[in-house]
>>> print(open('my_file_2.txt').read())   # compact mmCIF, N, CA and C atoms
# COMPACT_ATOMS: atom_id res chain seq x y z
N MET Z 22 -6.56 -7.53 5.09
CA MET Z 22 -6.76 -7.81 3.69
C MET Z 22 -8.02 -8.66 3.53
N SER Z 23 -8.81 -8.29 2.64
CA SER Z 23 -10.04 -9.01 2.37
C SER Z 23 -9.73 -10.35 1.71
N GLN Z 24 -10.57 -11.33 1.98
CA GLN Z 24 -10.41 -12.63 1.35
C GLN Z 24 -10.65 -12.54 -0.15
N ASN Z 25 -11.40 -11.54 -0.59
CA ASN Z 25 -11.72 -11.38 -2.01
C ASN Z 25 -10.71 -10.51 -2.74
N SER Z 26 -9.63 -10.15 -2.08
CA SER Z 26 -8.63 -9.27 -2.67
C SER Z 26 -7.98 -9.94 -3.87
N SER Z 27 -7.78 -9.16 -4.92
CA SER Z 27 -7.10 -9.69 -6.10
C SER Z 27 -5.60 -9.38 -6.05
N ASN Z 28 -5.16 -8.73 -4.98
CA ASN Z 28 -3.74 -8.42 -4.84
C ASN Z 28 -2.98 -9.69 -4.46
N ASN Z 29 -1.91 -9.94 -5.18
CA ASN Z 29 -1.05 -11.07 -4.85
C ASN Z 29 0.17 -10.55 -4.13
N LEU Z 30 0.44 -11.07 -2.95
CA LEU Z 30 1.58 -10.62 -2.17
C LEU Z 30 2.85 -11.28 -2.68
N VAL Z 31 3.90 -10.49 -2.77
CA VAL Z 31 5.21 -11.03 -3.16
C VAL Z 31 5.71 -11.96 -2.06
N ALA Z 32 5.47 -11.58 -0.82
CA ALA Z 32 5.85 -12.39 0.34
C ALA Z 32 4.57 -12.77 1.09
N PRO Z 33 3.96 -13.91 0.72
CA PRO Z 33 2.68 -14.29 1.33
C PRO Z 33 2.72 -14.38 2.86
N ASN Z 34 3.88 -14.64 3.43
CA ASN Z 34 3.97 -14.73 4.89
C ASN Z 34 3.87 -13.35 5.55
N SER Z 35 3.78 -12.28 4.77
CA SER Z 35 3.63 -10.93 5.33
C SER Z 35 2.17 -10.56 5.55
N ARG Z 36 1.26 -11.41 5.13
CA ARG Z 36 -0.17 -11.10 5.20
C ARG Z 36 -0.61 -10.69 6.61
N GLY Z 37 -0.18 -11.42 7.62
CA GLY Z 37 -0.57 -11.12 9.00
C GLY Z 37 -0.07 -9.76 9.45
N ALA Z 38 1.17 -9.43 9.10
CA ALA Z 38 1.75 -8.14 9.49
C ALA Z 38 1.02 -7.00 8.77
N LEU Z 39 0.67 -7.20 7.51
CA LEU Z 39 -0.06 -6.17 6.77
C LEU Z 39 -1.46 -5.97 7.33
N GLU Z 40 -2.08 -7.06 7.72
CA GLU Z 40 -3.43 -6.98 8.32
C GLU Z 40 -3.36 -6.20 9.63
N GLN Z 41 -2.36 -6.49 10.45
CA GLN Z 41 -2.18 -5.79 11.71
C GLN Z 41 -1.92 -4.30 11.46
N LEU Z 42 -1.08 -4.00 10.47
CA LEU Z 42 -0.78 -2.62 10.12
C LEU Z 42 -2.04 -1.87 9.70
N LYS Z 43 -2.91 -2.55 8.94
CA LYS Z 43 -4.16 -1.93 8.50
C LYS Z 43 -5.01 -1.52 9.70
N TYR Z 44 -5.13 -2.39 10.69
CA TYR Z 44 -5.93 -2.07 11.87
C TYR Z 44 -5.29 -0.97 12.71
N GLU Z 45 -3.95 -0.98 12.81
CA GLU Z 45 -3.25 0.07 13.55
C GLU Z 45 -3.47 1.43 12.91
N VAL Z 46 -3.31 1.49 11.59
CA VAL Z 46 -3.48 2.75 10.87
C VAL Z 46 -4.92 3.23 10.99
N ALA Z 47 -5.88 2.34 10.83
CA ALA Z 47 -7.29 2.72 10.95
C ALA Z 47 -7.57 3.30 12.33
N GLN Z 48 -7.03 2.67 13.36
CA GLN Z 48 -7.24 3.15 14.72
C GLN Z 48 -6.63 4.54 14.89
N GLU Z 49 -5.42 4.75 14.36
CA GLU Z 49 -4.78 6.06 14.44
C GLU Z 49 -5.62 7.13 13.75
N LEU Z 50 -6.29 6.75 12.67
CA LEU Z 50 -7.12 7.69 11.92
C LEU Z 50 -8.53 7.82 12.49
N GLY Z 51 -8.85 7.02 13.51
CA GLY Z 51 -10.17 7.07 14.11
C GLY Z 51 -11.24 6.38 13.27
N ILE Z 52 -10.83 5.42 12.46
CA ILE Z 52 -11.75 4.68 11.60
C ILE Z 52 -11.92 3.28 12.17
N THR Z 53 -13.15 2.85 12.37
CA THR Z 53 -13.43 1.52 12.89
C THR Z 53 -13.59 0.56 11.73
N LEU Z 54 -12.79 -0.51 11.74
CA LEU Z 54 -12.88 -1.53 10.71
C LEU Z 54 -13.75 -2.68 11.17
N SER Z 55 -14.44 -3.26 10.25
CA SER Z 55 -15.31 -4.40 10.53
C SER Z 55 -14.44 -5.64 10.75
N PRO Z 56 -14.66 -6.37 11.85
CA PRO Z 56 -13.84 -7.55 12.12
C PRO Z 56 -14.00 -8.67 11.09
N ASP Z 57 -15.10 -8.66 10.34
CA ASP Z 57 -15.30 -9.72 9.34
C ASP Z 57 -14.58 -9.42 8.03
N GLY Z 58 -13.89 -8.26 7.96
CA GLY Z 58 -13.12 -7.94 6.76
C GLY Z 58 -13.87 -7.16 5.71
N TYR Z 59 -15.18 -7.01 5.85
CA TYR Z 59 -15.98 -6.27 4.88
C TYR Z 59 -15.84 -4.78 5.14
N GLN Z 60 -15.36 -4.04 4.15
CA GLN Z 60 -15.18 -2.60 4.31
C GLN Z 60 -16.03 -1.81 3.32
N GLY Z 61 -17.01 -2.45 2.71
CA GLY Z 61 -17.84 -1.80 1.71
C GLY Z 61 -18.69 -0.68 2.26
N ASN Z 62 -18.84 -0.62 3.57
CA ASN Z 62 -19.62 0.45 4.16
C ASN Z 62 -18.77 1.68 4.48
N LYS Z 63 -17.49 1.64 4.18
CA LYS Z 63 -16.59 2.77 4.38
C LYS Z 63 -16.59 3.65 3.13
N THR Z 64 -16.34 4.93 3.34
CA THR Z 64 -16.27 5.83 2.20
C THR Z 64 -14.96 5.62 1.45
N SER Z 65 -14.93 6.07 0.22
CA SER Z 65 -13.69 6.00 -0.56
C SER Z 65 -12.59 6.78 0.14
N TYR Z 66 -12.96 7.89 0.75
CA TYR Z 66 -11.98 8.71 1.48
C TYR Z 66 -11.37 7.92 2.63
N GLU Z 67 -12.22 7.22 3.41
CA GLU Z 67 -11.71 6.45 4.55
C GLU Z 67 -10.79 5.33 4.08
N ASN Z 68 -11.26 4.55 3.10
CA ASN Z 68 -10.44 3.45 2.60
C ASN Z 68 -9.16 3.96 1.95
N GLY Z 69 -9.25 5.06 1.22
CA GLY Z 69 -8.07 5.64 0.60
C GLY Z 69 -7.08 6.16 1.61
N SER Z 70 -7.60 6.75 2.69
CA SER Z 70 -6.72 7.25 3.75
C SER Z 70 -5.95 6.11 4.40
N ILE Z 71 -6.63 5.02 4.67
CA ILE Z 71 -5.97 3.86 5.27
C ILE Z 71 -4.89 3.34 4.33
N GLY Z 72 -5.23 3.15 3.07
CA GLY Z 72 -4.26 2.65 2.10
C GLY Z 72 -3.09 3.60 1.92
N GLY Z 73 -3.36 4.89 1.89
CA GLY Z 73 -2.30 5.88 1.74
C GLY Z 73 -1.33 5.89 2.90
N TYR Z 74 -1.86 5.82 4.11
CA TYR Z 74 -1.00 5.80 5.28
C TYR Z 74 -0.21 4.50 5.37
N ILE Z 75 -0.81 3.38 4.97
CA ILE Z 75 -0.07 2.11 4.95
C ILE Z 75 1.10 2.23 3.98
N THR Z 76 0.85 2.76 2.80
CA THR Z 76 1.91 2.91 1.80
C THR Z 76 3.01 3.81 2.34
N LYS Z 77 2.63 4.92 2.94
CA LYS Z 77 3.60 5.86 3.50
C LYS Z 77 4.46 5.15 4.55
N ARG Z 78 3.83 4.39 5.42
CA ARG Z 78 4.57 3.69 6.47
C ARG Z 78 5.49 2.63 5.89
N LEU Z 79 5.03 1.89 4.87
CA LEU Z 79 5.87 0.87 4.25
C LEU Z 79 7.08 1.48 3.55
N VAL Z 80 6.89 2.63 2.91
CA VAL Z 80 8.01 3.33 2.27
C VAL Z 80 9.02 3.76 3.32
N THR Z 81 8.55 4.27 4.44
CA THR Z 81 9.45 4.69 5.53
C THR Z 81 10.25 3.50 6.04
N ILE Z 82 9.58 2.38 6.24
CA ILE Z 82 10.26 1.17 6.72
C ILE Z 82 11.32 0.73 5.71
N ALA Z 83 10.98 0.75 4.43
CA ALA Z 83 11.93 0.35 3.39
C ALA Z 83 13.13 1.30 3.34
N GLU Z 84 12.87 2.61 3.45
CA GLU Z 84 13.95 3.58 3.44
C GLU Z 84 14.89 3.36 4.62
N GLN Z 85 14.34 3.10 5.80
CA GLN Z 85 15.16 2.86 6.98
C GLN Z 85 15.98 1.59 6.81
N SER Z 86 15.37 0.58 6.23
CA SER Z 86 16.07 -0.68 5.99
C SER Z 86 17.23 -0.49 5.01
N LEU Z 87 16.95 0.24 3.93
CA LEU Z 87 18.00 0.49 2.94
C LEU Z 87 19.11 1.35 3.51
N ALA Z 88 18.77 2.33 4.33
CA ALA Z 88 19.77 3.21 4.93
C ALA Z 88 20.70 2.38 5.83
N GLY Z 89 20.11 1.42 6.53
CA GLY Z 89 20.92 0.55 7.39
C GLY Z 89 21.84 -0.35 6.61
N GLN Z 90 21.44 -0.74 5.40
CA GLN Z 90 22.25 -1.62 4.56
C GLN Z 90 23.46 -0.91 3.98
N TYR Z 91 23.32 0.35 3.70
CA TYR Z 91 24.34 1.06 2.94
C TYR Z 91 25.13 2.06 3.77
N LYS Z 92 25.19 1.85 5.08
CA LYS Z 92 25.97 2.76 5.94
C LYS Z 92 27.44 2.51 5.76
>>> encode(input="my_file_2.txt", output="structure tokens")
Amino acid sequence: MSQNSSNNLVAPNSRGALEQLKYEVAQELGITLSPDGYQGNKTSYENGSIGGYITKRLVTIAEQSLAGQYK
């Protein structure tokens, strides 16, 4: 997550896990992220792909968590 992000996290202590997830997803997609957090040199497609896959993964995690709660 960029330091300039206007997104406010509901659980601020999740920031590290989300940052790690971003780098994992980028690596899986073959996209190299800048260690300083600046991603302005990436295409909209690349940034959108990373965000889309993160969302997909978070939804899967939530679904698995909910399924475990309601067994």
>>> select_by_dssp(input="my_file_2.txt", residues="chain Z", states="helix (DSSP H, G or I)", output="VMD selection string")
chain Z and resid 33 to 50 65 to 90
>>> residues_around(input="my_file_2.txt", residues="region 46-50 of chain Z", least_positions_apart="3", cutoff="7 Å", atoms="all atoms listed in the file", output="list in words")
Gln41, Leu42, Lys43, Thr53, Leu54, Ile71, Tyr74 and Ile75 of chain Z
>>> atom_distance(input="my_file_2.txt", atom1="atom C of Ile82 (chain Z)", atom2="atom C of Gly51 (chain Z)")
24.5 Å
>>> atom_distance(input="my_file_2.txt", atom1="atom C of Leu87 (chain Z)", atom2="CA of Asn68 (chain Z)")
29.6 Å
>>> atom_distance(input="my_file_2.txt", atom1="atom N of Ser55 (chain Z)", atom2="CA of Ala83 (chain Z)")
27.5 Å
>>> axis_aligned_box(input="my_file_2.txt", around="region 32-37 of chain Z", padding_each_side="5 Å", output="JSON")
{"center_x": 2.6, "center_y": -12.2, "center_z": 4.3, "size_x": 16.5, "size_y": 15.0, "size_z": 20.3}
>>> closest_residue(input="my_file_2.txt", among="Z:Ser35, Z:Tyr44, Z:Gly89, Z:Glu84", to="Gly72 (chain Z)", atoms="only C-alpha atoms")
Z:Tyr44
>>> build_atoms(input="my_file_2.txt", residues="region 26-41 of chain Z", atoms="N, CA, C and O atoms", output="CSV table (one decimal), in the frame of the given file")
chain,number,residue,atom,x,y,z
Z,26,SER,N,-9.6,-10.2,-2.1
Z,26,SER,CA,-8.6,-9.3,-2.7
Z,26,SER,C,-8.0,-9.9,-3.9
Z,26,SER,O,-7.6,-11.1,-3.9
Z,27,SER,N,-7.8,-9.2,-4.9
Z,27,SER,CA,-7.1,-9.7,-6.1
Z,27,SER,C,-5.6,-9.4,-6.0
Z,27,SER,O,-4.9,-9.7,-7.0
Z,28,ASN,N,-5.2,-8.7,-5.0
Z,28,ASN,CA,-3.7,-8.4,-4.8
Z,28,ASN,C,-3.0,-9.7,-4.5
Z,28,ASN,O,-3.4,-10.4,-3.5
Z,29,ASN,N,-1.9,-9.9,-5.2
Z,29,ASN,CA,-1.0,-11.1,-4.8
Z,29,ASN,C,0.2,-10.6,-4.1
Z,29,ASN,O,0.9,-9.7,-4.6
Z,30,LEU,N,0.4,-11.1,-3.0
Z,30,LEU,CA,1.6,-10.6,-2.2
Z,30,LEU,C,2.8,-11.3,-2.7
Z,30,LEU,O,2.9,-12.5,-3.0
Z,31,VAL,N,3.9,-10.5,-2.8
Z,31,VAL,CA,5.2,-11.0,-3.2
Z,31,VAL,C,5.7,-12.0,-2.1
Z,31,VAL,O,6.3,-13.0,-2.3
Z,32,ALA,N,5.5,-11.6,-0.8
Z,32,ALA,CA,5.8,-12.4,0.3
Z,32,ALA,C,4.6,-12.8,1.1
Z,32,ALA,O,4.1,-12.0,2.0
Z,33,PRO,N,4.0,-13.9,0.7
Z,33,PRO,CA,2.7,-14.3,1.3
Z,33,PRO,C,2.7,-14.4,2.9
Z,33,PRO,O,1.7,-14.2,3.5
Z,34,ASN,N,3.9,-14.6,3.4
Z,34,ASN,CA,4.0,-14.7,4.9
Z,34,ASN,C,3.9,-13.4,5.6
Z,34,ASN,O,3.9,-13.3,6.8
Z,35,SER,N,3.8,-12.3,4.8
Z,35,SER,CA,3.6,-10.9,5.3
Z,35,SER,C,2.2,-10.6,5.6
Z,35,SER,O,1.9,-9.5,6.1
Z,36,ARG,N,1.3,-11.4,5.1
Z,36,ARG,CA,-0.2,-11.1,5.2
Z,36,ARG,C,-0.6,-10.7,6.6
Z,36,ARG,O,-1.3,-9.7,6.8
Z,37,GLY,N,-0.2,-11.4,7.6
Z,37,GLY,CA,-0.6,-11.1,9.0
Z,37,GLY,C,-0.1,-9.8,9.4
Z,37,GLY,O,-0.8,-9.0,10.1
Z,38,ALA,N,1.2,-9.4,9.1
Z,38,ALA,CA,1.8,-8.1,9.5
Z,38,ALA,C,1.0,-7.0,8.8
Z,38,ALA,O,0.8,-6.0,9.4
Z,39,LEU,N,0.7,-7.2,7.5
Z,39,LEU,CA,-0.1,-6.2,6.8
Z,39,LEU,C,-1.5,-6.0,7.3
Z,39,LEU,O,-2.0,-4.8,7.4
Z,40,GLU,N,-2.1,-7.1,7.7
Z,40,GLU,CA,-3.4,-7.0,8.3
Z,40,GLU,C,-3.4,-6.2,9.6
Z,40,GLU,O,-4.2,-5.3,9.9
Z,41,GLN,N,-2.4,-6.5,10.4
Z,41,GLN,CA,-2.2,-5.8,11.7
Z,41,GLN,C,-1.9,-4.3,11.5
Z,41,GLN,O,-2.5,-3.4,12.1
